[in-house]
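Chemist: After the structure tokens below, expect a handful of questions from me.
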Amino acid sequence: MALRYRSRMALALITIIIGTAFTLWIPRLLGGAIDDALYFLDGATPDKGKAQAALLKAALILFGASVLRGSFTMAHNYLGESIGQHMGYELRMAYYRKLQRMSYSYHNHVHTGDLMTRGMLDIEGVRLFVNTALLRVFLLAILIGGGMYLMLSTDVVLGFISLSFVPIVAWRAIAARLKLRRGWTELQERLSILTRVMDENLAGIRVVRAFAAQDYEMRKFHKISDSALSLANNLIGIRVRNTTFMTFTFLITVTVVLWIGGLKVIDGNLTVGELAQFLAFMFILQMPVRQLGMMVNGFARAQTSGTRLFEILDLDPAIKDKPGAQPVEITEGVLRFENVSFAFMDEFGDEQVLRNISFEAKPGHTIGIVGPPGSGKSTLAHLVPRFYDVTSGRITIDGQDIRDVQLESLRHIVGVVQQDTFMFTSSIENNIAYGDPWAENETIHRATTQAQLHDWVRRLPRQYDTLVGERGVSLSGGQRQRLSIARSLLLKPKLIIFDDSTAAIDAATEQRIRAALKEITSERAVIIISHRLSSLMHANEILFLDKGTIAERGSHEELIARGGQYHDLYELQIRPGDDAIDHVNNPAADPGSDNGDA
Amino acid sequence: MATPSEYSSPQRGRQRPPHAVVGSQVERDEEMFGKAFNGHVMRRFSGYLRPYRLLLVAAVAAVLVFTGTQLAVPIAIRYAIDNGLKYNATDKSLLEIAVIVLAAVVVLNYLANFLQEIIVGRVAERVLFDLREAMYSHLQHVSLGFMDRTEVGRLMSRLQGDVAALQEFLETSVFAIGDFVLITGIAIVLVAVDWRLGLLTMSVVPVLLLIRIVWLPRARNAFMGARESSSRLNGALAEGINGVRTVQSMSREEVNASLFEEKVDANLKAQLKGTRYGQIMIPTVDTLTGIAMAIIILIGGNFVLDRTLDVGVMVLFVLYVQRFFDPIRALTMQYSVMQRAMASGQRIFEVLDVPFDVEDKPDALPLENIDGSVEFKNVTFGYNRNQPVLQDVSFRVNPGETVALVGPTGSGKSTTMSLVHRFYDVWEGQVLIGGHDVRDVTQESLGHQIAMVLQEPYLFSGTILENIRYRKEEASREDVVEAARAVGAHEFIMRLPDGYETSLEQRGGNLSLGQRQLISFARAIVADAKILVLDEATANIDSYTEMLIQQALARLLQGRTGMVIAHRLATIRGADRIIVLQDGKIIEEGNHNQLMALGGLYARLYSMNYASFDDIPDELIQSAIRQGNETST
């Protein structure tokens, strides 16, 4: 991927080479200057002016070299960072786009936290790789290679001695870093458990107090806190033992170099300037060698991060357009389920949710769907906008199989008012205009009015600009659902599905919403899913779902007359009278109590 | 209607939609930096250091020894060059002495380095954990009023970020001493060795310092901007993931991607700006170092030529010059660290200074073997001065009796329940449990006599078994299963993949609301308390689950004194007695039939024919209350 930034990469490499050259040249200059001075002192050049000129020249070059070294170092650091950041940019966009397109069944089974970790830490790991690993390796290779050449060409024995600290320090740096890497991951894990324990305790403080469980909670805290602390202390031990040992190795090598080098100077085999040069080289090499651990870590991290990241980027959304799919064409607006069956098929096994469902919803018609929890009501609603694809049978809109048309066009004509809608941290206005951000204010207000939310919004201090979601005003369940209804109505879908979306709205308000929607529903097909019968009693056809099949169907009157499950549910809801109370107080005495255990 | 093509058309795509944003629009408002020194914070903080004072003294000593050896290394090298390396020197002992001294210094350096790092690292870590524990344990006892007013996220950031800032402060402070000594030591050595060259070379230090001081606030802004932008970006990503269902059903993918791209772009710019600020220091430092070295070579070299300076001194200077920067950087950074630490410290000690409203009396007795009666005697209480929520409330619940509390929002139902548990202390009057004033007994024993079921079932991470058992660790598996059976939760638990060992997701996310409710009922049964306080769920639950819950409720109340904040008619009518509250006063009391005969607020609300009092729209409740006021006047 870094290859995409070829020219920048090349530039970075060039700046590294030049910068390193200056870095290596500086000790030479210093050593040369020292020897110049000594040369004069030894009486070899009696001309003081010449010696002074040599010093001036050395000083100026040294100054220039320092400035250039700094500039080139800055340049390659910046370039490396810039390449990394641009890669991060692209990875972030690709990741975001991919996740937005993955189907419901994917999102049902992955953890949000896991996706966040990949989106934050793993992208960071891949991004950092360029600067902390790839370019650094190159830099280190040149630095060690160049330094080695310069030292060995000056004095082979002293060169080898000077470099002897490199493998030892490098090995310790890498070994320690890899050990610490495992340790840090483990520590992060423990700390995140600690975070969870604290977070849950504080959020559930009333439960804690209600059960007088403070001692119990403190024990829980101590257990995990102590384990995190002792691990942290271990890691500090590993780190300190290694870093101090590396410094020690280095300084001991310096001592040996001084000793052997000193003997050579005394014997006249080496100049003082050359000895100083050796020492200066060693100081320059020290830092990058110690960073080797970081580099190796960078490689390891980039590898795991890269794997985890591309695992997602390479996913293929299960639900997408067929090649050459056309937008859906609406002639009448008739929705038809033809022998539809559906099962969740994933690693958790296949679980048959719907079996042989057939019905037809015509414009102006309302289909009501009711049934016990887990009967497949919501899944049915999710099949229409293709949040899931049917396992067998087919769903058509005006005769077109929904799998053959453009997904986006399908979702525009199908409005699903969701059971539990997501509030974005933004203004009420933006939340309502979520599906059509270009909507005019009038359109927004009309939708809000139909959803019976307008009056409430007008009473808020900042009205439509009021912030909702995290840290904004909190909406009651009913208000959220009304907002969700407004959000869907704004798009004027050709087909409206209410997925248990009025459960938290009181009956009177629901009545008003229904009246306000009369005009809209009279020319559209409407599906109402609800567990509250009063919400769907008026439907043209009611389907009673049980364990994924249509157990009963017909109008309200027909179903009541039939005296089946629908009738029982009706009795339970409409007359919470004396029977129900007796039932509650004496569950054992009531033979019908087993109904509820389903 | 907006057709699909309109969304992807270029004119529209280029223009930013007027009603669309991604990610949080809330600015972070907590102040990040405070004064660099705050006496109060320092005094309180030093209290947490006291247990480690000997270790800290040892650490400072090690730091000083370490700094000393750092200063000594170049001196030893210089000595070797000037005295041991005379050309053709026959006596090699001077070199050997220098090398031995250097070796000794290196060993000392190693030991001191090890000690300073390990002590400082571990003590700082310990202090971090100590502070966190102190705060956490304090929060277990502060008043619920404080907890209600404070966002959990904010407390969490104190328990994590703020304690870490103090840890960093402790760590860097100790090393800052060493840095300060080092830079002073270098200055002294340089001037002592050759004052002319020393002063000239040192002249770059104030320049460097000045540049750092000008640079620091700007760079800090740039760094913070980078951090901020990346946290915004992550917020937007989280929103995209959490809201993905809504995004897809509204076909917002394209719009969101372009809005997200704006954030990614802003982040890129902010990050690179931060990098520029960070990197600009490199050529700056190199230039100044270059100047210093040029001075050493030019001026120092001339001194050498005049034979007024030894060559070894030049080498000494060169070695020292390379060390100027690190301590100066650390010392200037220390200022930011202190500012951050003081602000964090203030927030931490603010939490630690929140007083306990409710504390055990010194002679508090454990509450044991009581009959389970609850009595309020002329109780007056409120959360804010002069705003009583309950006024002169008196009632008695006999052992084994179930009483329903009914009344409009804000009438004082929840407050009454909180007082039973002594979450707060009454202003006037008395709350008696089993005949004992709740203020005379220990809070822990009180908690064991009263079980509470909250409106919103709250579950912890862990298995179902652990959740039902909760505090009562001595409860056996059989006890837990029995409790689950009693409330009708056993069947669905057994259907879960791992039965009672099934791990719950965050807040029990893998269970339905009704199931969570049943688990919280089972938890109350295991707690095996004489008195049960229950706030009935208002959330709309489907009829099937509702029926289960009603049955469970009946089982839960069997053989216990029950106080229920009731919303559903079924529950209310099932109670032995109903207490109707309005504006903090008891206005009606009796069983269903008596209250219906009375024809007051209860009768009016009941006759509205809603299955739950919560379903009654506010307007209707208000009018029912007004009606009552009119007839009474």
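Every chain in the structure tokens takes a letter, A first, then B, and so on in the order presented; its residues are numbered from 1, and the ligands are numbered from 1 following the presented order.
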Identify, on the basis of only C-alpha atoms, every residue whose closest approach to Val405 in chain A does not exceed 9 Å; exclude the query and any residue fewer than 6 positions from it along the same chain; express the result as a ChimeraX atom specification.

Modeler: /A:321-322,324-329

Chemist: Store the residues of this selection in a file with C-alpha atoms, as a PDB file, in the first residue's frame.

Modeler:
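Writing done, so here's out15.pdb:
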ATOM      1  CA  ASP A 321     -26.873  -5.295  -6.400  1.00  0.00           C
ATOM      2  CA  LYS A 322     -26.832  -7.893  -9.106  1.00  0.00           C
ATOM      3  CA  GLY A 324     -26.793  -4.523 -14.266  1.00  0.00           C
ATOM      4  CA  ALA A 325     -29.620  -4.167 -11.751  1.00  0.00           C
ATOM      5  CA  GLN A 326     -32.123  -1.437 -12.624  1.00  0.00           C
ATOM      6  CA  PRO A 327     -33.986   0.850 -10.237  1.00  0.00           C
ATOM      7  CA  VAL A 328     -37.296  -0.585  -9.102  1.00  0.00           C
ATOM      8  CA  GLU A 329     -40.240   0.617 -11.184  1.00  0.00           C
TER       9      GLU A 329
END

Chemist: Would you give me, as a list in words, the residues in range 370-441 of chain B that DSSP reads as helix (DSSP H, G or I)?

Modeler: Lys413, Ser414, Thr415, Thr416, Met417, Ser418, Leu419, Val420, Val438, Arg439 and Asp440 of chain B

Chemist: Between CA of Leu380 in chain A and CA of Gln100 in chain A, what is the distance, to one decimal in Å?

Modeler: 22.0 Å

Chemist: Between B:Ala103, B:Ala61, B:Arg44, B:Gly198, which is the closest to Phe250 in chain A once you count only C-alpha atoms?

Modeler: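 Ranking B:Ala103, B:Ala61, B:Arg44, B:Gly198 by distance to Phe250 in chain A, first place goes to B:Ala103.
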
Chemist: Which is closest to chain B among A:Ser484, A:Gln452, A:Ser522, A:Ser392, if we use only C-alpha atoms?

Modeler: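 Closest to chain B, using only C-alpha atoms: A:Ser484.
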
Chemist: Could you name the residues that touch Arg446 in chain A at 12 Å or less, counting only C-alpha atoms, but leaving out those on the same chain fewer than 6 positions away, as a list of chain:residue names?

Modeler: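 Close residues of Arg446 in chain A: A:Glu429, A:Ile432, A:Ala433, A:Ala439, A:Glu440, A:Gln452, A:Leu453, A:His454, A:Asp455, A:Ile485, A:Ala486, A:Arg487, A:Leu489, A:Leu490, A:Leu491, A:Lys492, A:Ala516, A:Leu517.
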
Chemist: Only residues of chain A matter here; which ones have an atom within 6 Å of chain B, counting only C-alpha atoms? Give them as a ChimeraX atom specification.

Modeler: /A:55-56,59,63,66-67,70-71,74,210-213,216,233,244,248,259,266,409,422,425,430,435,437-438,504,506,531,581,584-585,596

Chemist: Have a look at A:Ala343, A:Arg301, A:Ala539, A:Leu292 and name the one nearest to Thr185 in chain A; count only C-alpha atoms.

Modeler: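 Smallest separation from Thr185 in chain A among the options: A:Arg301.
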
Chemist: Determine, counting only C-alpha atoms, which protein, DNA and RNA residues have an atom within 12 Å of an atom of Arg28 in chain A; residues of the same chain fewer than 2 positions away are not included. Present the result as an MDAnalysis selection string.

Modeler: chainID A and resid 21:26 30:35 58 61:62 65 147 150:151 154 273:281

Chemist: Could you list, as JSON, numbers by chain, every residue within 10 Å of Pro388 in chain B, counting only C-alpha atoms and ignoring same-chain residues fewer than 6 positions away?

Modeler: {"B": [380, 381, 382, 412, 427, 583, 584]}

Chemist: Where in range 348-392 of chain B does DSSP assign strand (DSSP E), given as a PyMOL selection string?

Modeler: chain B and resi 374-384+387-392

Chemist: Rounded to one decimal place, report the CA of Arg8 in chain A-CA of Gly146 in chain A distance in Å.

Modeler: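 Spanning CA of Arg8 in chain A to CA of Gly146 in chain A is a straight-line distance of 23.9 Å.
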
Chemist: Mind checking which residues fall within 9 Å of Glu588 in chain B, counting only C-alpha atoms, ignoring those fewer than 2 positions away in the same chain, and posting them as a list of chain:residue names?

Modeler: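 The neighbour list is B:Ile578, B:Ile579, B:Val580, B:Leu581, B:Ile586, B:Gly590, B:Leu595, B:Leu598, B:Gly600, B:Leu601, B:Tyr602.
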
Chemist: I need the residue nearest Tyr106 in chain A from this list: A:Asp420, A:Asp500, A:Asp316, A:Glu360. Use only C-alpha atoms for the distance.

Modeler: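 Between A:Asp420, A:Asp500, A:Asp316, A:Glu360, the residue approaching Tyr106 in chain A most closely is A:Asp316.
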